[in-house]
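Report on one structure; see the data block that follows.
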Amino acid sequence: MAPLLAGYAPNLEKFLKTLKGQSLEASTEGLIALLKRRQIRGAEACAFATARVLLQVVAKSKWTDVDQLLANVQKVGARLTHAAPRELVIGNIVRRVLGLIRDEASEERNADNEGSLMDSVSDLQTLQPSAATATSSGSQRPGPNPIKPTLTPAASFVSKSLFNLLSVVDPAESFTTGSPVTGSSTPIQQNSSATALKSEVIDGIEEIMDELSQADDQIAGFADVQIHPGDHILAYQPTATVEKFLVRAASKRHFTALIASGTPSPKGPEAYASLKKKLAAAGVRTVHVMSGSYAAYLPKVSKVILPAHAVLANGAIIADGGAACVARAAREYSKPVIVLSGVYKLCPENSSEVEDPIELGDSSAYVPFTDGPLVDGVDVESAVSELVPADLVDMYITNLGPHTRDHLDDILADHYKVEDIDFPLQ
Amino acid sequence: GRRGSVGGIIEKDPRSAIPECFSHIPMAKRIATSQAHKDVHPAVLALGQQMATFTIRDSIARLKYMLLAFRKVIEAYETPKGNSLSRHFIPHVLNDQIEYLTACRPMCFSMGNAIRLLKAKINKFDIDTPEDEAKEAMLESIDNFINERITLAEFIIARNAADMIADGDVILTYRQHRLVERALLQARHDGKQFEVSIVDDPFDQTGQMLAKTLRRERIRVYYSPHMGGTQASIRRATKVFVGAEAIFANGAMQGPAGTCDVCLTAADAGVPVMALCETINFDRDRVATDSLTYNEIDPERCGETEFRLLFDTTREKYLNVVITEFESETGNSPAQSI
């Protein structure tokens, strides 16, 4: 086990500090231990930690060609995924990095083979559209045709994803040499080109990490379009993402926020204090609904906002326990349910492929261990997360903008390579 | 006088903090005994305090203790000279008691129904009915009412509901409800083999008491402390039993907050929902289509920093069966038929 800072419970921040000067194996083991003990948990933290470790894999592990690098990333990625099988974002980040390596490698080859300008342009476009969007203001990537963030990205993404699909299905088109995807028949000229690839991939992973840290801000950018004056917005157990969204909306709109906590927080009414303070400062009323039930409030509510742990390919989401009840109540009263999620939480898995999305958590907050008859004879099940079926969700807002369910496929196609969809089952 | 004024300075109006969008909903309120109307009977005075503090909270319990307190009021009543009981008792005695009780906590529908029946009974007395005879008749009608509409009703409903439980069933219920608890115990007593899955309200964990009671009878119990487990628990369940606070004229059911969420989830999963309710809780005059029409605010959580409603309303389409004490062909009646 990795020598982590002793004495206090480690978290993401402390983990990142230990990374410096540590061997790759120690960092991997360290993260696996933290994931297993749930000391790093939650989509954001897991995604960031995964990206950070994969960066080390690229930088420190031994590899001489693309295939070795892909194998290394897959190996470490699979170990991380197994350490926390319920944190689906870990797999997403691994897939993103794998796709990134494939893109960079094919770009190298094209450059080597004096590929046409058109090919490199299209590669640039297919490469990390969201990362490019994320960093478009200060883009490190001088493209001949820089992608601008757009509020209605639907059209451009559809065309891109179509291109992606074609290019993946027909490798001859994207690899002008006609080489198979394995790439082994066109070995990269060692050293110089491997170093170039390494630095390109590292840049790419850094862009992914930028995307992670900017996702919340970008999602918040779509707030004032969706929230109208006079709305009553029910936010179920708001996360940092929802907090930014509401606060941004509050700067432009006068609405009432109903913060629903389905489970009593140990902090009591002090929970969500910073959110309430920020909203109050912007002149937005908040009502902290302390109730395990939601249907009663929905007639007054105009929109429901759910933060997602993960969004699945068919549109179902994994969210805090109780979210499905909120969504059902919203459907009963025909109120829209808006899911906030960074693109990195969008998983290629379908809900039927996720075994048991319900995570049972610590129940000691509800049933004291001193209560013999309850502890002894009753199966206490406190669900921390559950699956919200796709038909209960009306809209998804990611850092790329608002999407419908049908649009999720296009985003998936833009972000993951077909070869990597099956990871970590490979 | 003194205690009241001191209290008045310390306590500002608790309603002032209620968010505007819920400001139409009534709320229980503690009234200092010294501020009550001078004609409120001591038994009613005590009962009002117990209702305001939720010591007596269940709708049927409130009804029963109100009737018992009215018995005391009737026993202590003497018609003033030159008046008739049938003309004097209601406006000058009973109404003060009712007003006080309503101020302590908004009346539940069964209390309103019982009061209406009692008043009708009194109004029927001839103006010349001797006082003793009238009092005797009133007391008797209250006793009959308690026996028939409360005690016997509970017994029959438990019996009817228990008959609907079959071996191998997994019964899901929400929180602890007296009728559901009796039905489950009755079924167990009949030798039925079944399991119970309890979903609880994390802010008011009465379900734990039910869990313990059932465990004592060696019934296997799953307990989910909050709504997060509803979806998973429903998939395991074969039937859902819920206790109703009231049933409106359109067949919609008022239940403890969260009942509607459970019923919606059950409908999605195709699990039948049985609502258990005494007919005294049926309201023929009121119609509710959502939970904000008739509700109550939790007096413990009534501000913007903490807010909670006590009830919610489930539309009739989500109730498969309403089990009451009246026997029709099957012993049960669909909600709309009542």
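Following the order of the structure tokens, first chain is A, next is B, and so on, with residues numbered from 1 inside each chain and ligands from 1 in the order they appear.
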
Which residues of chain A have any atom within 9 Å of an atom in chain B when counting only C-alpha atoms, and what is the closest pair of atoms for each, with the distance in Å to one decimal? Order the rows by chain and rising number and write it as CSV.
residue,atom,partner,partner_atom,distance
A:Gly262,CA,B:Met227,CA,7.3
A:Thr263,CA,B:Pro202,CA,6.0
A:Pro264,CA,B:Pro202,CA,6.6
A:Gly268,CA,B:Glu306,CA,8.8
A:Pro269,CA,B:Thr305,CA,6.0
A:Glu270,CA,B:Thr305,CA,8.3
A:Lys276,CA,B:Thr305,CA,8.8
A:Arg285,CA,B:Glu304,CA,8.3
A:Thr286,CA,B:Glu304,CA,6.5
A:Val287,CA,B:Glu304,CA,4.4
A:His288,CA,B:Glu306,CA,5.1
A:Val289,CA,B:Phe307,CA,4.8
A:Met290,CA,B:Arg308,CA,5.5
A:Ser291,CA,B:Arg308,CA,5.7
A:Gly292,CA,B:Asp201,CA,5.4
A:Ser293,CA,B:Gly258,CA,4.2
A:Tyr294,CA,B:Gly258,CA,6.9
A:Ala295,CA,B:Asp261,CA,5.9
A:Ala296,CA,B:Ser291,CA,4.9
A:Tyr297,CA,B:Ser291,CA,7.3
A:Leu298,CA,B:Ser291,CA,8.6
A:Pro299,CA,B:Asp290,CA,6.8
A:Lys300,CA,B:Cys21,CA,7.3
A:Asp320,CA,B:Gly228,CA,7.5
A:Gly321,CA,B:Gly228,CA,3.8
A:Gly322,CA,B:Gly228,CA,3.8
A:Ala323,CA,B:Gly228,CA,7.3
A:Ala324,CA,B:Gln231,CA,7.4
A:Cys325,CA,B:Asp261,CA,5.9
A:Val326,CA,B:Asp261,CA,7.9
A:Arg328,CA,B:Leu264,CA,6.8
A:Ala329,CA,B:Asp261,CA,6.5
A:Glu332,CA,B:Leu264,CA,8.0
A:Tyr333,CA,B:Asp290,CA,9.0
A:Ile358,CA,B:Ala232,CA,7.8
A:Leu360,CA,B:Gly229,CA,8.8
A:Ser363,CA,B:Pro225,CA,7.8
A:Tyr366,CA,B:Pro225,CA,6.2
A:Val367,CA,B:Pro225,CA,8.0
A:Pro373,CA,B:Lys212,CA,6.3
A:Leu374,CA,B:Lys212,CA,6.4
A:Gly377,CA,B:Arg215,CA,6.5
A:Val378,CA,B:Val221,CA,5.3
A:Asp379,CA,B:Tyr222,CA,4.6
A:Val380,CA,B:Tyr223,CA,4.6
A:Glu381,CA,B:Ser224,CA,4.9
A:Ser382,CA,B:Ser224,CA,5.6
A:Ala383,CA,B:Gly228,CA,5.2
A:Val384,CA,B:Gly228,CA,6.8
A:Ser385,CA,B:Gly228,CA,7.2
A:Glu386,CA,B:Gly228,CA,7.1
A:Leu387,CA,B:Gln231,CA,8.8

### Selection near Ala249 of chain B, 6 Å with only C-alpha atoms, sequence-local residues under 6 positions removed, as number ranges by chain
B: 283-284, 286-287

Just-selected residues, N, CA and C atoms written as a PDB file, in the first residue's frame:
ATOM      1  N   ASP B 283     -64.336  12.389   3.187  1.00  0.00           N
ATOM      2  CA  ASP B 283     -64.941  13.715   3.139  1.00  0.00           C
ATOM      3  C   ASP B 283     -65.736  13.838   1.852  1.00  0.00           C
ATOM      4  N   ARG B 284     -67.042  14.023   2.006  1.00  0.00           N
ATOM      5  CA  ARG B 284     -67.895  14.058   0.811  1.00  0.00           C
ATOM      6  C   ARG B 284     -67.984  15.452   0.202  1.00  0.00           C
ATOM      7  N   ARG B 286     -65.332  17.832   0.145  1.00  0.00           N
ATOM      8  CA  ARG B 286     -64.099  18.449  -0.350  1.00  0.00           C
ATOM      9  C   ARG B 286     -63.502  17.626  -1.478  1.00  0.00           C
ATOM     10  N   VAL B 287     -62.894  18.329  -2.416  1.00  0.00           N
ATOM     11  CA  VAL B 287     -62.220  17.688  -3.531  1.00  0.00           C
ATOM     12  C   VAL B 287     -60.807  18.244  -3.578  1.00  0.00           C
TER      13      VAL B 287
END

### Task
Check the smallest atom-to-atom distance from each of A:Ser352, A:Asn314, A:Gln218, A:Thr239 to Ser274 of chain A using only C-alpha atoms, then report the winner.
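Looking only at the distances to Ser274 of chain A, the closest residue turns out to be A:Thr239.
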
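One distance worth recording is that between atom CA of Arg102 of chain A and atom CA of Val66 of chain A, which is 7.8 Å.
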
#### Entry: Selected residue of minimal separation from Leu101 of chain B among B:Gly207, B:Gly243, B:Gly48, B:Gly191, counting only C-alpha atoms
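Under the stated criterion, the closest residue is B:Gly48.
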
### Expected answer as a VMD selection string: helix (DSSP H, G or I) residues in segment 210-254 of chain B
chain B and resid 210 to 216 227 to 236

### Task
Quick one: everything within 9 Å of segment 118-133 of chain B, counting only C-alpha atoms, minus sequence neighbours fewer than 3 positions away in the same chain. Send it as a PyMOL selection string.
chain B and resi 78-79+84-87+89-90+113-115+136-138+141-142

### Message
So that I can see what lies close to Phe155 of chain B, please list as a ChimeraX atom specification the residues with an atom at most 12 Å from it, counting only C-alpha atoms and leaving out residues fewer than 6 positions away in the same chain.
### Response
/B:147-149,161-162,178-183,185-186,276-278,323-326

Could the residues in this selection be saved with N, CA, C and O atoms as a PDB file, in the first residue's frame?
ATOM      1  N   ASN B 147     -67.579   3.157  19.444  1.00  0.00           N
ATOM      2  CA  ASN B 147     -67.586   1.706  19.259  1.00  0.00           C
ATOM      3  C   ASN B 147     -67.661   1.308  17.801  1.00  0.00           C
ATOM      4  O   ASN B 147     -66.891   0.476  17.330  1.00  0.00           O
ATOM      5  N   GLU B 148     -68.599   1.952  17.094  1.00  0.00           N
ATOM      6  CA  GLU B 148     -68.850   1.500  15.723  1.00  0.00           C
ATOM      7  C   GLU B 148     -67.829   2.033  14.732  1.00  0.00           C
ATOM      8  O   GLU B 148     -67.235   1.277  13.950  1.00  0.00           O
ATOM      9  N   ARG B 149     -67.640   3.362  14.786  1.00  0.00           N
ATOM     10  CA  ARG B 149     -66.858   3.989  13.721  1.00  0.00           C
ATOM     11  C   ARG B 149     -65.360   3.899  13.962  1.00  0.00           C
ATOM     12  O   ARG B 149     -64.571   4.120  13.058  1.00  0.00           O
ATOM     13  N   ALA B 161     -58.094  -6.502   5.406  1.00  0.00           N
ATOM     14  CA  ALA B 161     -56.768  -6.338   4.800  1.00  0.00           C
ATOM     15  C   ALA B 161     -55.944  -7.601   4.989  1.00  0.00           C
ATOM     16  O   ALA B 161     -55.226  -8.017   4.070  1.00  0.00           O
ATOM     17  N   ALA B 162     -56.053  -8.211   6.162  1.00  0.00           N
ATOM     18  CA  ALA B 162     -55.276  -9.427   6.423  1.00  0.00           C
ATOM     19  C   ALA B 162     -55.676 -10.524   5.444  1.00  0.00           C
ATOM     20  O   ALA B 162     -54.843 -11.313   5.002  1.00  0.00           O
ATOM     21  N   ARG B 178     -51.437   2.669  12.064  1.00  0.00           N
ATOM     22  CA  ARG B 178     -52.168   1.801  12.974  1.00  0.00           C
ATOM     23  C   ARG B 178     -52.924   0.700  12.254  1.00  0.00           C
ATOM     24  O   ARG B 178     -52.851  -0.472  12.630  1.00  0.00           O
ATOM     25  N   LEU B 179     -53.640   1.037  11.178  1.00  0.00           N
ATOM     26  CA  LEU B 179     -54.446   0.033  10.489  1.00  0.00           C
ATOM     27  C   LEU B 179     -53.565  -1.000   9.791  1.00  0.00           C
ATOM     28  O   LEU B 179     -53.837  -2.197   9.847  1.00  0.00           O
ATOM     29  N   VAL B 180     -52.508  -0.502   9.137  1.00  0.00           N
ATOM     30  CA  VAL B 180     -51.617  -1.416   8.429  1.00  0.00           C
ATOM     31  C   VAL B 180     -50.951  -2.344   9.439  1.00  0.00           C
ATOM     32  O   VAL B 180     -50.864  -3.560   9.227  1.00  0.00           O
ATOM     33  N   GLU B 181     -50.533  -1.784  10.552  1.00  0.00           N
ATOM     34  CA  GLU B 181     -49.866  -2.596  11.577  1.00  0.00           C
ATOM     35  C   GLU B 181     -50.804  -3.693  12.070  1.00  0.00           C
ATOM     36  O   GLU B 181     -50.422  -4.863  12.161  1.00  0.00           O
ATOM     37  N   ARG B 182     -52.043  -3.321  12.359  1.00  0.00           N
ATOM     38  CA  ARG B 182     -53.001  -4.324  12.839  1.00  0.00           C
ATOM     39  C   ARG B 182     -53.267  -5.386  11.797  1.00  0.00           C
ATOM     40  O   ARG B 182     -53.385  -6.570  12.109  1.00  0.00           O
ATOM     41  N   ALA B 183     -53.356  -4.957  10.546  1.00  0.00           N
ATOM     42  CA  ALA B 183     -53.614  -5.913   9.471  1.00  0.00           C
ATOM     43  C   ALA B 183     -52.471  -6.921   9.358  1.00  0.00           C
ATOM     44  O   ALA B 183     -52.700  -8.128   9.221  1.00  0.00           O
ATOM     45  N   LEU B 185     -50.321  -7.773  11.679  1.00  0.00           N
ATOM     46  CA  LEU B 185     -50.301  -8.657  12.852  1.00  0.00           C
ATOM     47  C   LEU B 185     -51.418  -9.697  12.756  1.00  0.00           C
ATOM     48  O   LEU B 185     -51.238 -10.861  13.111  1.00  0.00           O
ATOM     49  N   GLN B 186     -52.562  -9.248  12.239  1.00  0.00           N
ATOM     50  CA  GLN B 186     -53.693 -10.168  12.083  1.00  0.00           C
ATOM     51  C   GLN B 186     -53.323 -11.296  11.111  1.00  0.00           C
ATOM     52  O   GLN B 186     -53.559 -12.477  11.384  1.00  0.00           O
ATOM     53  N   LEU B 276     -55.880   1.779   3.287  1.00  0.00           N
ATOM     54  CA  LEU B 276     -56.718   1.389   4.408  1.00  0.00           C
ATOM     55  C   LEU B 276     -57.273   2.646   5.059  1.00  0.00           C
ATOM     56  O   LEU B 276     -56.519   3.564   5.383  1.00  0.00           O
ATOM     57  N   CYS B 277     -58.591   2.679   5.248  1.00  0.00           N
ATOM     58  CA  CYS B 277     -59.163   3.920   5.759  1.00  0.00           C
ATOM     59  C   CYS B 277     -60.541   3.671   6.378  1.00  0.00           C
ATOM     60  O   CYS B 277     -61.362   2.965   5.781  1.00  0.00           O
ATOM     61  N   GLU B 278     -60.800   4.235   7.554  1.00  0.00           N
ATOM     62  CA  GLU B 278     -62.118   4.170   8.142  1.00  0.00           C
ATOM     63  C   GLU B 278     -63.053   5.114   7.382  1.00  0.00           C
ATOM     64  O   GLU B 278     -62.615   6.161   6.906  1.00  0.00           O
ATOM     65  N   ILE B 323     -59.667  -0.169   1.307  1.00  0.00           N
ATOM     66  CA  ILE B 323     -60.247  -1.131   2.240  1.00  0.00           C
ATOM     67  C   ILE B 323     -60.906  -0.366   3.384  1.00  0.00           C
ATOM     68  O   ILE B 323     -60.238   0.388   4.101  1.00  0.00           O
ATOM     69  N   THR B 324     -62.208  -0.503   3.520  1.00  0.00           N
ATOM     70  CA  THR B 324     -62.927   0.167   4.598  1.00  0.00           C
ATOM     71  C   THR B 324     -63.655  -0.882   5.434  1.00  0.00           C
ATOM     72  O   THR B 324     -63.563  -2.071   5.162  1.00  0.00           O
ATOM     73  N   GLU B 325     -64.383  -0.402   6.450  1.00  0.00           N
ATOM     74  CA  GLU B 325     -65.084  -1.345   7.313  1.00  0.00           C
ATOM     75  C   GLU B 325     -66.414  -1.810   6.710  1.00  0.00           C
ATOM     76  O   GLU B 325     -67.045  -2.710   7.233  1.00  0.00           O
ATOM     77  N   PHE B 326     -66.841  -1.154   5.614  1.00  0.00           N
ATOM     78  CA  PHE B 326     -68.107  -1.555   5.030  1.00  0.00           C
ATOM     79  C   PHE B 326     -67.905  -2.713   4.070  1.00  0.00           C
ATOM     80  O   PHE B 326     -67.035  -2.669   3.207  1.00  0.00           O
TER      81      PHE B 326
END

### Query
Can you list, as a PyMOL selection string, every protein, DNA or RNA residue that comes within 8 Å of Asp39 of chain B when you count only C-alpha atoms, leaving out same-chain residues fewer than 6 positions away?
chain B and resi 93+96-97

Suppose we keep all heavy atoms; can you now write the selection as a CSV table (one decimal), in the first residue's frame?
chain,number,residue,atom,x,y,z
B,93,VAL,N,-71.6,26.6,24.2
B,93,VAL,CA,-70.7,25.7,24.9
B,93,VAL,C,-69.8,25.0,23.9
B,93,VAL,O,-68.6,25.1,23.8
B,93,VAL,CB,-71.4,24.7,25.8
B,93,VAL,CG1,-70.4,23.8,26.5
B,93,VAL,CG2,-72.2,25.4,26.8
B,96,ASP,N,-67.3,26.9,21.4
B,96,ASP,CA,-66.1,27.4,22.0
B,96,ASP,C,-65.0,26.3,22.1
B,96,ASP,O,-63.8,26.6,21.9
B,96,ASP,CB,-66.4,28.0,23.4
B,96,ASP,CG,-67.2,29.2,23.4
B,96,ASP,OD1,-67.2,29.9,22.3
B,96,ASP,OD2,-68.0,29.5,24.3
B,97,GLN,N,-65.5,25.1,22.4
B,97,GLN,CA,-64.5,24.0,22.5
B,97,GLN,C,-63.9,23.7,21.2
B,97,GLN,O,-62.7,23.6,21.0
B,97,GLN,CB,-65.2,22.7,23.0
B,97,GLN,CG,-66.3,23.0,24.1
B,97,GLN,CD,-65.7,23.4,25.4
B,97,GLN,OE1,-64.6,23.0,25.8
B,97,GLN,NE2,-66.4,24.2,26.2

### Task
Taking the DSSP assignment computed from this structure's backbone, write out as a list of chain:residue names all residues of segment 39-273 of chain B that belong to strand (DSSP E or B).
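Here is the list: B:Val170, B:Ile171, B:Leu172, B:Thr173, B:Tyr174, B:Glu195, B:Val196, B:Ser197, B:Ile198, B:Val199, B:Asp201, B:Asp204, B:Arg220, B:Val221, B:Tyr222, B:Tyr223, B:Ser224, B:Lys239, B:Val240, B:Phe241, B:Val242, B:Gly243, B:Ala246, B:Ile247, B:Met253, B:Gln254, B:Gly255, B:Pro256, B:Val273.
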
### Task
Could you tell me how far atom CA of Ala71 of chain A lies from atom CA of Val57 of chain A, in Å and to one decimal?
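We find that atom CA of Ala71 of chain A and atom CA of Val57 of chain A lie 10.5 Å from each other.
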
### Task
Choose the residue, out of B:Ala61, B:Leu47, B:Val242, B:Ile150, that has the smallest atom-to-atom separation from Thr279 of chain B; count only C-alpha atoms.
B:Ile150

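Pairwise distance (atom CA of Gly251 of chain B, atom CA of Asp163 of chain B) equals 23.1 Å.
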
Test item: residues at most 9 Å from Cys263 of chain B, only C-alpha atoms, excluding those fewer than 6 positions along its chain, as a JSON list (two decimals) with N, CA and C atoms, in the first residue's frame:
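Result file is selection_31.json:
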[["chain", "number", "residue", "atom", "x", "y", "z"],
["B", 240, "VAL", "N", -48.66, -3.19, -1.94],
["B", 240, "VAL", "CA", -48.34, -2.02, -1.14],
["B", 240, "VAL", "C", -49.55, -1.70, -0.28],
["B", 242, "VAL", "N", -51.02, 1.13, 2.31],
["B", 242, "VAL", "CA", -50.80, 2.44, 2.90],
["B", 242, "VAL", "C", -52.01, 2.83, 3.75],
["B", 271, "VAL", "N", -47.14, -2.64, -9.13],
["B", 271, "VAL", "CA", -47.47, -3.31, -7.86],
["B", 271, "VAL", "C", -48.77, -2.70, -7.34],
["B", 272, "PRO", "N", -49.77, -3.52, -7.00],
["B", 272, "PRO", "CA", -51.05, -2.94, -6.57],
["B", 272, "PRO", "C", -50.96, -2.23, -5.21],
["B", 273, "VAL", "N", -51.72, -1.12, -5.12],
["B", 273, "VAL", "CA", -51.72, -0.32, -3.89],
["B", 273, "VAL", "C", -53.07, -0.47, -3.19],
["B", 314, "THR", "N", -52.70, 11.71, -2.93],
["B", 314, "THR", "CA", -52.48, 10.75, -4.02],
["B", 314, "THR", "C", -53.75, 10.67, -4.84],
["B", 318, "TYR", "N", -54.09, 6.06, -8.67],
["B", 318, "TYR", "CA", -52.96, 5.28, -8.17],
["B", 318, "TYR", "C", -53.36, 4.32, -7.05],
["B", 319, "LEU", "N", -54.64, 4.34, -6.66],
["B", 319, "LEU", "CA", -55.10, 3.42, -5.62],
["B", 319, "LEU", "C", -55.88, 2.30, -6.28]]
